[in-house]
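Novice: What follows is data.cif; its format and atoms are mmCIF, C-alpha atoms.
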```cif
data_upload
#
loop_
_atom_site.label_atom_id
_atom_site.label_comp_id
_atom_site.auth_asym_id
_atom_site.auth_seq_id
_atom_site.Cartn_x
_atom_site.Cartn_y
_atom_site.Cartn_z
CA MET A 1 103.41 -148.22 119.77
CA ALA A 2 100.01 -146.89 118.73
CA THR A 3 97.33 -149.38 117.80
CA GLN A 4 96.45 -149.30 114.12
CA VAL A 5 92.72 -149.28 113.51
CA LYS A 6 91.23 -151.78 111.11
CA LEU A 7 88.91 -149.60 109.05
CA SER A 8 85.26 -150.55 109.32
CA ARG A 9 83.11 -148.41 107.07
CA ILE A 10 80.30 -146.79 108.99
CA ALA A 11 76.60 -147.09 108.27
CA ILE A 12 74.16 -144.37 109.27
CA GLY A 13 70.75 -145.89 108.74
CA LYS A 14 68.86 -143.86 111.37
CA ILE A 15 69.50 -140.26 112.39
CA LEU A 16 67.88 -138.58 115.38
CA LEU A 17 67.61 -134.80 115.01
CA ALA A 18 66.99 -133.24 118.42
CA THR A 19 65.38 -129.85 117.82
CA ASP A 20 64.09 -126.99 119.95
CA PHE A 21 62.97 -125.05 116.83
CA SER A 22 65.56 -122.32 117.47
CA PRO A 23 67.46 -120.64 114.61
CA GLU A 24 70.50 -122.67 115.68
CA SER A 25 68.52 -125.85 115.17
CA GLN A 26 68.09 -124.94 111.51
CA ASN A 27 71.82 -125.51 110.91
CA ALA A 28 71.45 -128.90 112.58
CA LEU A 29 68.47 -129.68 110.33
CA LYS A 30 70.46 -128.81 107.21
CA CYS A 31 73.29 -131.06 108.31
CA ALA A 32 70.87 -133.89 109.15
CA ILE A 33 69.21 -133.66 105.74
CA SER A 34 72.59 -133.68 103.99
CA LEU A 35 73.80 -136.78 105.84
CA ALA A 36 70.44 -138.54 105.43
CA LYS A 37 70.69 -138.08 101.67
CA ARG A 38 74.27 -139.32 101.48
CA TYR A 39 73.72 -142.36 103.71
CA GLU A 40 70.10 -143.05 102.71
CA SER A 41 69.06 -142.67 106.32
CA LYS A 42 65.70 -142.34 108.01
CA LEU A 43 65.32 -139.13 110.03
CA PHE A 44 63.62 -138.95 113.40
CA LEU A 45 62.59 -135.34 114.05
CA THR A 46 62.52 -135.25 117.84
CA HIS A 47 61.35 -132.68 120.36
CA ALA A 48 61.00 -133.12 124.11
CA ILE A 49 58.14 -131.09 125.57
CA SER A 50 59.33 -129.59 128.82
CA GLU A 51 57.40 -130.40 131.97
CA GLU A 52 59.14 -127.65 133.94
CA ALA A 53 55.97 -125.58 133.95
CA SER A 54 54.29 -128.27 136.04
CA LEU A 55 56.83 -127.75 138.81
CA THR A 56 56.02 -124.08 139.27
CA ALA A 57 52.49 -123.53 138.05
CA GLY A 58 50.64 -125.56 140.68
CA ASP A 59 47.08 -126.41 139.68
CA ALA A 60 47.55 -124.64 136.34
CA TRP A 61 50.21 -127.04 135.05
CA PRO A 62 47.95 -129.17 132.81
CA ALA A 63 46.96 -126.04 130.89
CA MET A 64 50.61 -124.95 130.62
CA THR A 65 51.59 -128.37 129.31
CA ASP A 66 48.79 -128.26 126.73
CA ILE A 67 49.97 -124.86 125.51
CA ALA A 68 53.56 -126.12 125.25
CA ARG A 69 52.40 -129.14 123.28
CA ARG A 70 50.28 -127.08 120.88
CA ASN A 71 53.15 -124.68 120.26
CA ALA A 72 55.52 -127.60 119.67
CA GLU A 73 53.10 -129.26 117.25
CA LYS A 74 52.77 -126.01 115.30
CA SER A 75 56.55 -125.56 115.12
CA MET A 76 57.07 -129.20 114.11
CA ALA A 77 54.46 -128.91 111.36
CA GLU A 78 56.31 -125.89 110.01
CA LEU A 79 59.62 -127.74 110.16
CA GLU A 80 58.09 -130.67 108.28
CA ARG A 81 57.24 -128.34 105.42
CA THR A 82 60.96 -128.01 104.67
CA GLU A 83 61.15 -128.85 100.98
CA GLU A 84 64.12 -131.18 101.18
CA LEU A 85 62.40 -133.29 103.83
CA GLN A 86 59.63 -134.26 101.46
CA SER A 87 61.80 -136.76 99.59
CA LEU A 88 63.35 -138.27 102.73
CA PRO A 89 61.87 -140.99 104.95
CA HIS A 90 61.23 -139.35 108.30
CA GLU A 91 59.17 -139.67 111.44
CA VAL A 92 58.10 -137.08 114.02
CA VAL A 93 58.60 -137.93 117.70
CA MET A 94 57.27 -135.53 120.34
CA GLN A 95 57.15 -136.69 123.93
CA SER A 96 56.79 -134.97 127.28
CA GLY A 97 59.72 -135.28 129.65
CA GLU A 98 63.31 -134.41 130.33
CA THR A 99 65.23 -134.08 127.07
CA TRP A 100 67.86 -136.74 127.70
CA GLU A 101 65.28 -139.28 128.86
CA VAL A 102 63.28 -138.78 125.65
CA LEU A 103 66.38 -139.05 123.47
CA SER A 104 67.76 -142.03 125.35
CA ARG A 105 64.56 -144.04 124.95
CA LEU A 106 64.40 -143.31 121.25
CA VAL A 107 68.06 -144.19 120.69
CA SER A 108 67.47 -147.54 122.36
CA ASP A 109 64.06 -148.33 120.85
CA GLN A 110 65.00 -147.40 117.28
CA ASN A 111 68.70 -148.36 117.27
CA ILE A 112 69.69 -144.83 116.29
CA ASP A 113 73.08 -144.53 114.56
CA LEU A 114 73.66 -140.79 115.01
CA ILE A 115 72.27 -137.92 117.10
CA ILE A 116 72.44 -134.42 115.64
CA MET A 117 71.71 -131.39 117.80
CA GLY A 118 72.20 -127.65 117.60
CA THR A 119 73.37 -125.75 120.67
CA HIS A 120 73.26 -122.05 121.35
CA GLY A 121 74.49 -121.55 124.88
CA SER A 122 71.30 -120.43 126.61
CA GLY A 123 67.95 -122.10 127.07
CA GLY A 124 66.63 -124.49 124.49
CA ILE A 125 67.78 -128.05 124.23
CA ASP A 126 70.82 -127.86 126.45
CA LYS A 127 69.93 -125.63 129.42
CA LEU A 128 72.87 -123.22 129.29
CA MET A 129 75.11 -125.80 127.61
CA LEU A 130 77.18 -126.35 130.76
CA GLY A 131 74.07 -127.87 132.29
CA SER A 132 73.06 -131.46 132.46
CA THR A 133 71.36 -132.17 129.13
CA ALA A 134 74.15 -131.57 126.62
CA GLU A 135 76.63 -133.27 128.93
CA LYS A 136 74.36 -136.29 129.33
CA VAL A 137 73.88 -136.61 125.57
CA VAL A 138 77.60 -136.46 124.78
CA ARG A 139 78.71 -138.63 127.71
CA HIS A 140 76.04 -141.28 127.69
CA ALA A 141 74.64 -141.63 124.16
CA THR A 142 75.55 -145.08 122.85
CA CYS A 143 75.75 -143.68 119.32
CA PRO A 144 77.90 -140.80 118.03
CA VAL A 145 76.68 -137.24 118.57
CA LEU A 146 77.13 -134.47 116.00
CA THR A 147 76.88 -131.07 117.67
CA ILE A 148 76.31 -127.88 115.68
CA GLY A 149 77.50 -125.00 117.87
CA PRO A 150 76.54 -121.32 117.78
CA HIS A 151 79.51 -120.26 115.64
CA VAL A 152 79.31 -123.02 113.05
CA ARG A 153 79.53 -121.98 109.43
CA LEU A 154 78.32 -124.78 107.18
CA LEU A 155 80.53 -124.18 104.15
CA SER A 156 79.34 -127.21 102.20
CA LEU A 157 76.44 -129.51 102.85
CA GLU A 158 77.39 -131.95 100.10
CA ARG A 159 80.46 -133.36 101.82
CA PHE A 160 83.06 -132.78 104.52
CA GLY A 161 86.06 -131.50 102.58
CA ASN A 162 88.48 -131.25 105.49
CA ILE A 163 88.32 -133.30 108.70
CA LEU A 164 90.33 -132.79 111.90
CA TYR A 165 90.69 -135.79 114.21
CA ALA A 166 91.94 -134.96 117.74
CA THR A 167 93.25 -137.77 119.94
CA ASP A 168 95.06 -138.45 123.20
CA PHE A 169 95.88 -142.03 122.08
CA SER A 170 93.41 -143.51 124.54
CA SER A 171 91.36 -146.59 123.75
CA GLY A 172 88.31 -144.36 123.95
CA SER A 173 89.43 -142.35 120.96
CA LEU A 174 90.04 -145.32 118.64
CA ARG A 175 86.34 -145.76 117.84
CA ALA A 176 86.23 -142.07 116.93
CA LEU A 177 89.21 -142.60 114.63
CA ASN A 178 87.24 -145.17 112.65
CA TYR A 179 84.54 -142.55 112.04
CA ALA A 180 87.10 -139.95 111.00
CA LEU A 181 88.77 -142.37 108.57
CA SER A 182 85.51 -143.68 107.15
CA LEU A 183 84.02 -140.21 106.64
CA ALA A 184 87.25 -138.95 105.08
CA GLU A 185 87.32 -141.87 102.65
CA GLU A 186 83.61 -141.57 101.82
CA ASP A 187 83.78 -137.81 101.23
CA ARG A 188 87.26 -137.77 99.64
CA ALA A 189 88.26 -135.35 102.37
CA GLU A 190 91.60 -134.02 103.51
CA LEU A 191 92.37 -135.51 106.95
CA THR A 192 94.49 -134.08 109.76
CA LEU A 193 95.45 -136.12 112.83
CA LEU A 194 96.16 -133.99 115.90
CA HIS A 195 97.62 -134.64 119.33
CA ILE A 196 98.07 -131.96 122.00
CA ILE A 197 100.94 -132.24 124.48
CA GLU A 198 99.77 -130.74 127.77
CA SER A 199 102.91 -131.38 129.85
CA ASN A 200 105.75 -128.87 129.85
CA PRO A 201 109.06 -130.32 128.62
CA VAL A 202 112.18 -129.50 130.63
CA SER A 203 114.13 -128.58 127.50
CA GLU A 204 113.75 -127.81 123.82
CA ALA A 205 115.43 -131.13 123.04
CA GLU A 206 112.81 -133.00 125.07
CA LEU A 207 110.01 -131.16 123.25
CA VAL A 208 111.49 -132.12 119.88
CA GLU A 209 111.70 -135.74 120.98
CA TRP A 210 108.11 -135.72 122.28
CA LYS A 211 106.83 -134.28 119.01
CA ARG A 212 108.80 -136.84 116.97
CA ARG A 213 107.50 -139.71 119.10
CA ASP A 214 103.87 -138.59 119.04
CA GLY A 215 104.03 -137.78 115.33
CA GLU A 216 105.08 -141.38 114.68
CA ARG A 217 102.25 -142.66 116.86
CA LEU A 218 99.75 -140.60 114.86
CA SER A 219 101.12 -141.91 111.57
CA GLN A 220 100.85 -145.49 112.81
CA LEU A 221 97.12 -145.02 113.42
CA VAL A 222 96.36 -144.78 109.69
CA PRO A 223 95.53 -148.13 108.04
CA THR A 224 97.65 -148.99 105.04
CA ASP A 225 94.61 -149.94 102.96
CA ILE A 226 92.68 -146.68 103.34
CA ASP A 227 91.90 -144.81 100.12
CA LEU A 228 92.27 -141.07 100.69
CA PRO A 229 92.91 -138.31 98.13
CA SER A 230 96.16 -137.41 99.92
CA LYS A 231 98.29 -138.58 102.80
CA PRO A 232 96.87 -137.43 106.18
CA GLU A 233 98.56 -134.42 107.75
CA ILE A 234 100.16 -135.01 111.15
CA GLU A 235 100.07 -132.27 113.79
CA VAL A 236 101.56 -132.38 117.29
CA GLU A 237 101.10 -129.18 119.29
CA THR A 238 101.55 -128.05 122.88
CA GLY A 239 99.19 -126.07 125.09
CA ASP A 240 95.59 -126.08 126.19
CA PRO A 241 93.71 -128.83 124.29
CA ALA A 242 90.46 -126.88 123.90
CA LYS A 243 92.08 -123.75 122.51
CA GLU A 244 94.55 -125.64 120.31
CA ILE A 245 91.88 -127.89 118.79
CA VAL A 246 89.73 -124.88 117.89
CA ARG A 247 92.76 -122.96 116.58
CA LEU A 248 93.99 -125.84 114.43
CA ALA A 249 90.50 -126.45 113.09
CA ASP A 250 90.40 -122.82 111.93
CA THR A 251 93.94 -122.96 110.54
CA ARG A 252 93.12 -126.09 108.56
CA ASN A 253 89.69 -124.78 107.49
CA ALA A 254 88.22 -127.94 108.99
CA GLU A 255 84.58 -128.67 108.23
CA LEU A 256 84.35 -131.35 110.93
CA ILE A 257 86.13 -132.09 114.21
CA VAL A 258 86.07 -135.73 115.36
CA MET A 259 86.87 -136.68 118.97
CA GLY A 260 86.41 -139.57 121.35
CA SER A 261 84.20 -139.34 124.42
CA HIS A 262 83.91 -141.35 127.61
CA SER A 263 80.87 -142.14 129.74
CA GLY A 264 82.81 -141.46 132.90
CA GLY A 265 82.53 -137.73 132.32
CA THR A 266 85.61 -137.01 130.25
CA VAL A 267 86.47 -136.73 126.60
CA SER A 268 89.13 -139.07 125.23
CA THR A 269 89.40 -140.27 128.86
CA HIS A 270 91.07 -137.16 130.26
CA LEU A 271 89.62 -133.98 128.82
CA PRO A 272 87.09 -132.51 131.28
CA TRP A 273 83.57 -131.48 130.26
CA THR A 274 84.57 -127.80 130.43
CA THR A 275 87.17 -128.50 127.72
CA LEU A 276 84.62 -130.09 125.42
CA HIS A 277 82.19 -127.29 126.24
CA HIS A 278 84.73 -124.76 125.01
CA ILE A 279 85.22 -126.68 121.77
CA LEU A 280 81.49 -127.06 121.12
CA GLN A 281 80.87 -123.39 121.86
CA GLN A 282 83.81 -121.92 119.94
CA ALA A 283 84.31 -124.23 116.95
CA HIS A 284 83.36 -122.89 113.53
CA CYS A 285 82.51 -126.37 112.30
CA PRO A 286 80.40 -129.29 113.59
CA VAL A 287 81.94 -131.55 116.27
CA LEU A 288 81.42 -135.32 116.17
CA THR A 289 81.94 -137.05 119.51
CA VAL A 290 82.07 -140.85 119.60
CA ARG A 291 81.79 -142.66 122.91
CA ALA A 292 84.04 -145.58 123.71
CA THR A 293 82.26 -148.93 123.79
#
```
As C-alpha cells - that is how I would like this structure written.

Specialist:
Amino acid sequence: MATQVKLSRIAIGKILLATDFSPESQNALKCAISLAKRYESKLFLTHAISEEASLTAGDAWPAMTDIARRNAEKSMAELERTEELQSLPHEVVMQSGETWEVLSRLVSDQNIDLIIMGTHGSGGIDKLMLGSTAEKVVRHATCPVLTIGPHVRLLSLERFGNILYATDFSSGSLRALNYALSLAEEDRAELTLLHIIESNPVSEAELVEWKRRDGERLSQLVPTDIDLPSKPEIEVETGDPAKEIVRLADTRNAELIVMGSHSGGTVSTHLPWTTLHHILQQAHCPVLTVRAT
C-alpha cells in the first residue's frame, strides 16, 4: 500500500536565482520574480565568475579574471534594473569559483529554500548540461531546484494552473509529492499524478492488473484533507519514463513538472541522470526536482 503524505504547506522565504545572463536565464528570472511575489521571498541574484581562464592563460590570468568580473558586474547591474525587481527584497552575490561550490555555500549560509536556474544545453551555467554542474545542483542541493529548460514556454507567471507529479513510489519521491500538493492547493491548480511502468507485462491481462494496482497506489497518495479545485487525475502509462513524462506534460498542458531526486545520482531512486537530462532539455514547462532527505 502506498504511503499517504501528510500535507505540510511549503514556505519559500529565500530564493537563489543562478544566472549566467543568457537569454534563457531571463525566463528563470521571470519565474523567480513571480514566485518571490507570491511567497514574499527574498531573492539572491547569484553569478559564479569562472576561473577557467586562469588554467589556460598562464601569467595573464589575473587580467582575464578582472575582465570577467567587470563584465559580470555590468551584466548584473543591467539585470538589477529590471522594473519588477525594484519592489522586491533582493541581494546580489557574485563570487569567483566553480558554479556548484558558489551555490552550495550560499544555500548553506543563507538557508535557501529554492534554487532557480535556466539551462540552454551549451556553455553557460551548466557546461553542456550533461556535464557536472547541472547534475551536481540537482543531485546534491539540499533545497528543491526549479529548472527552466530551453524549450520552456511560460504561459502564466501568476500561478501554476496545471501540475504534473511523476513518481516511482520511492521514499525519495514523497517529499516531492508534498511540494506538488502544496503548490496545487496554493495556486488552485489541476493536478495529475503519473507513474510509468517500465517492465513489459507477459499478457494484456497482466498489464491491466498492473495499471489497476498502480492507479490505486497513486490515489492513496492524496491526503483526504487537501483542498483542490478538482479531484487529481490519475495516469499510469508504460514505456520510457523520460519520453512519457514529457509527452504527458504536453498532453495535459502542464505548467510544472514535479519529481523526486536522489543524491546517489538517480532521480526518484532509479531514473538515471540521462533520463532527467532528457526531461529538463525537452520539457515545455519548468521542472521542480526535490531531493530526498

Novice: Using CA of Ser104 in chain A and CA of Asp168 in chain A as the two end points, give the distance in Å to one decimal.

Specialist: 27.6 Å

Novice: I'd like the neighbourhood of range 46-48 of chain A as a list in words, where a residue qualifies if any of its atoms comes within 7 Å (using all atoms listed in the file), though same-chain residues fewer than 2 positions away should be ignored.

Specialist: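 Once the nearby chain positions are removed, what remains is Leu16, Leu17, Ala18, Thr19, Asp20, Phe44, Ser50, Val92, Val93, Met94, Gln95, Ser96, Gly97, Glu98, Thr99 and Val102 of chain A.
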
Novice: Go ahead and save the residues from that selection, with C-alpha atoms, as a PDB file, in the frame of the given file.

Specialist:
```pdb
ATOM      1  CA  LEU A  16      67.880-138.580 115.380  1.00  0.00           C
ATOM      2  CA  LEU A  17      67.610-134.800 115.010  1.00  0.00           C
ATOM      3  CA  ALA A  18      66.990-133.240 118.420  1.00  0.00           C
ATOM      4  CA  THR A  19      65.380-129.850 117.820  1.00  0.00           C
ATOM      5  CA  ASP A  20      64.090-126.990 119.950  1.00  0.00           C
ATOM      6  CA  PHE A  44      63.620-138.950 113.400  1.00  0.00           C
ATOM      7  CA  SER A  50      59.330-129.590 128.820  1.00  0.00           C
ATOM      8  CA  VAL A  92      58.100-137.080 114.020  1.00  0.00           C
ATOM      9  CA  VAL A  93      58.600-137.930 117.700  1.00  0.00           C
ATOM     10  CA  MET A  94      57.270-135.530 120.340  1.00  0.00           C
ATOM     11  CA  GLN A  95      57.150-136.690 123.930  1.00  0.00           C
ATOM     12  CA  SER A  96      56.790-134.970 127.280  1.00  0.00           C
ATOM     13  CA  GLY A  97      59.720-135.280 129.650  1.00  0.00           C
ATOM     14  CA  GLU A  98      63.310-134.410 130.330  1.00  0.00           C
ATOM     15  CA  THR A  99      65.230-134.080 127.070  1.00  0.00           C
ATOM     16  CA  VAL A 102      63.280-138.780 125.650  1.00  0.00           C
TER      17      VAL A 102
END
```

Novice: What gap, in Å, lies between CA of Asn162 in chain A and CA of Val222 in chain A?

Specialist: 16.2 Å

Novice: Could you check how far CA of Ser173 in chain A sits from CA of Ala28 in chain A, in Å to one decimal?

Specialist: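 These atoms are spaced 24.0 Å apart.
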
Novice: Find, counting only C-alpha atoms, the residue in A:Leu164, A:Ala205, A:Ile234, A:Ile33 that gets nearest to Leu288 in chain A.

Specialist: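 Counting only C-alpha atoms, the residue closest to Leu288 in chain A is A:Leu164.
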
Novice: Show which residues sit within 10 Å of range 192-198 of chain A, as a compact mmCIF listing (two decimals) with C-alpha atoms, in the coordinates of the input. Count all atoms listed in the file, and ignore same-chain residues fewer than 4 positions away.

Specialist:
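Result file is selection.txt:
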```txt
# COMPACT_ATOMS: atom_id res chain seq x y z
CA ASN A 162 88.48 -131.25 105.49
CA ILE A 163 88.32 -133.30 108.70
CA LEU A 164 90.33 -132.79 111.90
CA TYR A 165 90.69 -135.79 114.21
CA ALA A 166 91.94 -134.96 117.74
CA THR A 167 93.25 -137.77 119.94
CA ASP A 168 95.06 -138.45 123.20
CA PHE A 169 95.88 -142.03 122.08
CA LEU A 177 89.21 -142.60 114.63
CA ALA A 180 87.10 -139.95 111.00
CA ALA A 184 87.25 -138.95 105.08
CA LEU A 207 110.01 -131.16 123.25
CA TRP A 210 108.11 -135.72 122.28
CA LYS A 211 106.83 -134.28 119.01
CA ASP A 214 103.87 -138.59 119.04
CA GLY A 215 104.03 -137.78 115.33
CA ARG A 217 102.25 -142.66 116.86
CA LEU A 218 99.75 -140.60 114.86
CA SER A 219 101.12 -141.91 111.57
CA LEU A 221 97.12 -145.02 113.42
CA VAL A 222 96.36 -144.78 109.69
CA LYS A 231 98.29 -138.58 102.80
CA PRO A 232 96.87 -137.43 106.18
CA GLU A 233 98.56 -134.42 107.75
CA ILE A 234 100.16 -135.01 111.15
CA GLU A 235 100.07 -132.27 113.79
CA VAL A 236 101.56 -132.38 117.29
CA GLU A 237 101.10 -129.18 119.29
CA THR A 238 101.55 -128.05 122.88
CA GLY A 239 99.19 -126.07 125.09
CA ASP A 240 95.59 -126.08 126.19
CA PRO A 241 93.71 -128.83 124.29
CA ALA A 242 90.46 -126.88 123.90
CA GLU A 244 94.55 -125.64 120.31
CA ILE A 245 91.88 -127.89 118.79
CA LEU A 248 93.99 -125.84 114.43
CA ALA A 249 90.50 -126.45 113.09
CA ARG A 252 93.12 -126.09 108.56
CA ALA A 254 88.22 -127.94 108.99
CA ILE A 257 86.13 -132.09 114.21
CA VAL A 258 86.07 -135.73 115.36
```

Novice: Show me, as a list of chain:residue names, the residues that have an atom within 7 Å of range 68-79 of chain A when counting all atoms listed in the file, minus same-chain residues fewer than 3 positions from it.

Specialist: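 After dropping sequence-adjacent residues, the list is A:Phe21, A:Ile49, A:Met64, A:Thr65, A:Thr82.
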
Novice: Which residues come within 9 Å of Phe160 in chain A, counting all atoms listed in the file, excluding same-chain residues fewer than 6 positions away, as a short mmCIF file (atom, residue, chain, number, x, y, z; two decimals) with C-alpha atoms, in the coordinates of the input?

Specialist:
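The result, stored in part_34.cif:
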```cif
data_model
loop_
_atom_site.label_atom_id
_atom_site.label_comp_id
_atom_site.auth_asym_id
_atom_site.auth_seq_id
_atom_site.Cartn_x
_atom_site.Cartn_y
_atom_site.Cartn_z
CA LEU A 183 84.02 -140.21 106.64
CA ALA A 184 87.25 -138.95 105.08
CA ASP A 187 83.78 -137.81 101.23
CA ARG A 188 87.26 -137.77 99.64
CA ALA A 189 88.26 -135.35 102.37
CA GLU A 190 91.60 -134.02 103.51
CA ALA A 254 88.22 -127.94 108.99
CA GLU A 255 84.58 -128.67 108.23
CA LEU A 256 84.35 -131.35 110.93
#
```

Novice: Would you kindly identify which residues have an atom no farther than 10 Å from (83.0, -137.8, 122.3), using all atoms listed in the file and the file's own coordinates, and write them out as a ChimeraX atom specification?

Specialist: /A:137-141,143-146,172-173,175-176,258-263,266-269,276,287-292

Novice: Counting all atoms listed in the file, figure out which residue out of A:Val107, A:Ala283, A:Leu191, A:Ile10 gets nearest to Val152 in chain A.

Specialist: A:Ala283

Novice: Starting from the shown file, work through the PyMOL selection byres ((chain A and resi 147) around 6) and note down what comes out as a PDB file with C-alpha atoms, keeping the file's coordinate frame.

Specialist:
```pdb
ATOM      1  CA  ILE A 116      72.440-134.420 115.640  1.00  0.00           C
ATOM      2  CA  MET A 117      71.710-131.390 117.800  1.00  0.00           C
ATOM      3  CA  GLY A 118      72.200-127.650 117.600  1.00  0.00           C
ATOM      4  CA  LEU A 146      77.130-134.470 116.000  1.00  0.00           C
ATOM      5  CA  ILE A 148      76.310-127.880 115.680  1.00  0.00           C
ATOM      6  CA  PRO A 286      80.400-129.290 113.590  1.00  0.00           C
ATOM      7  CA  VAL A 287      81.940-131.550 116.270  1.00  0.00           C
TER       8      VAL A 287
END
```

Novice: With distances taken over all atoms listed in the file, which residue among A:Pro89, A:Pro23, A:Ile226, A:Thr119 lies nearest Leu181 in chain A?

Specialist: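 Between A:Pro89, A:Pro23, A:Ile226, A:Thr119, the residue approaching Leu181 in chain A most closely is A:Ile226.
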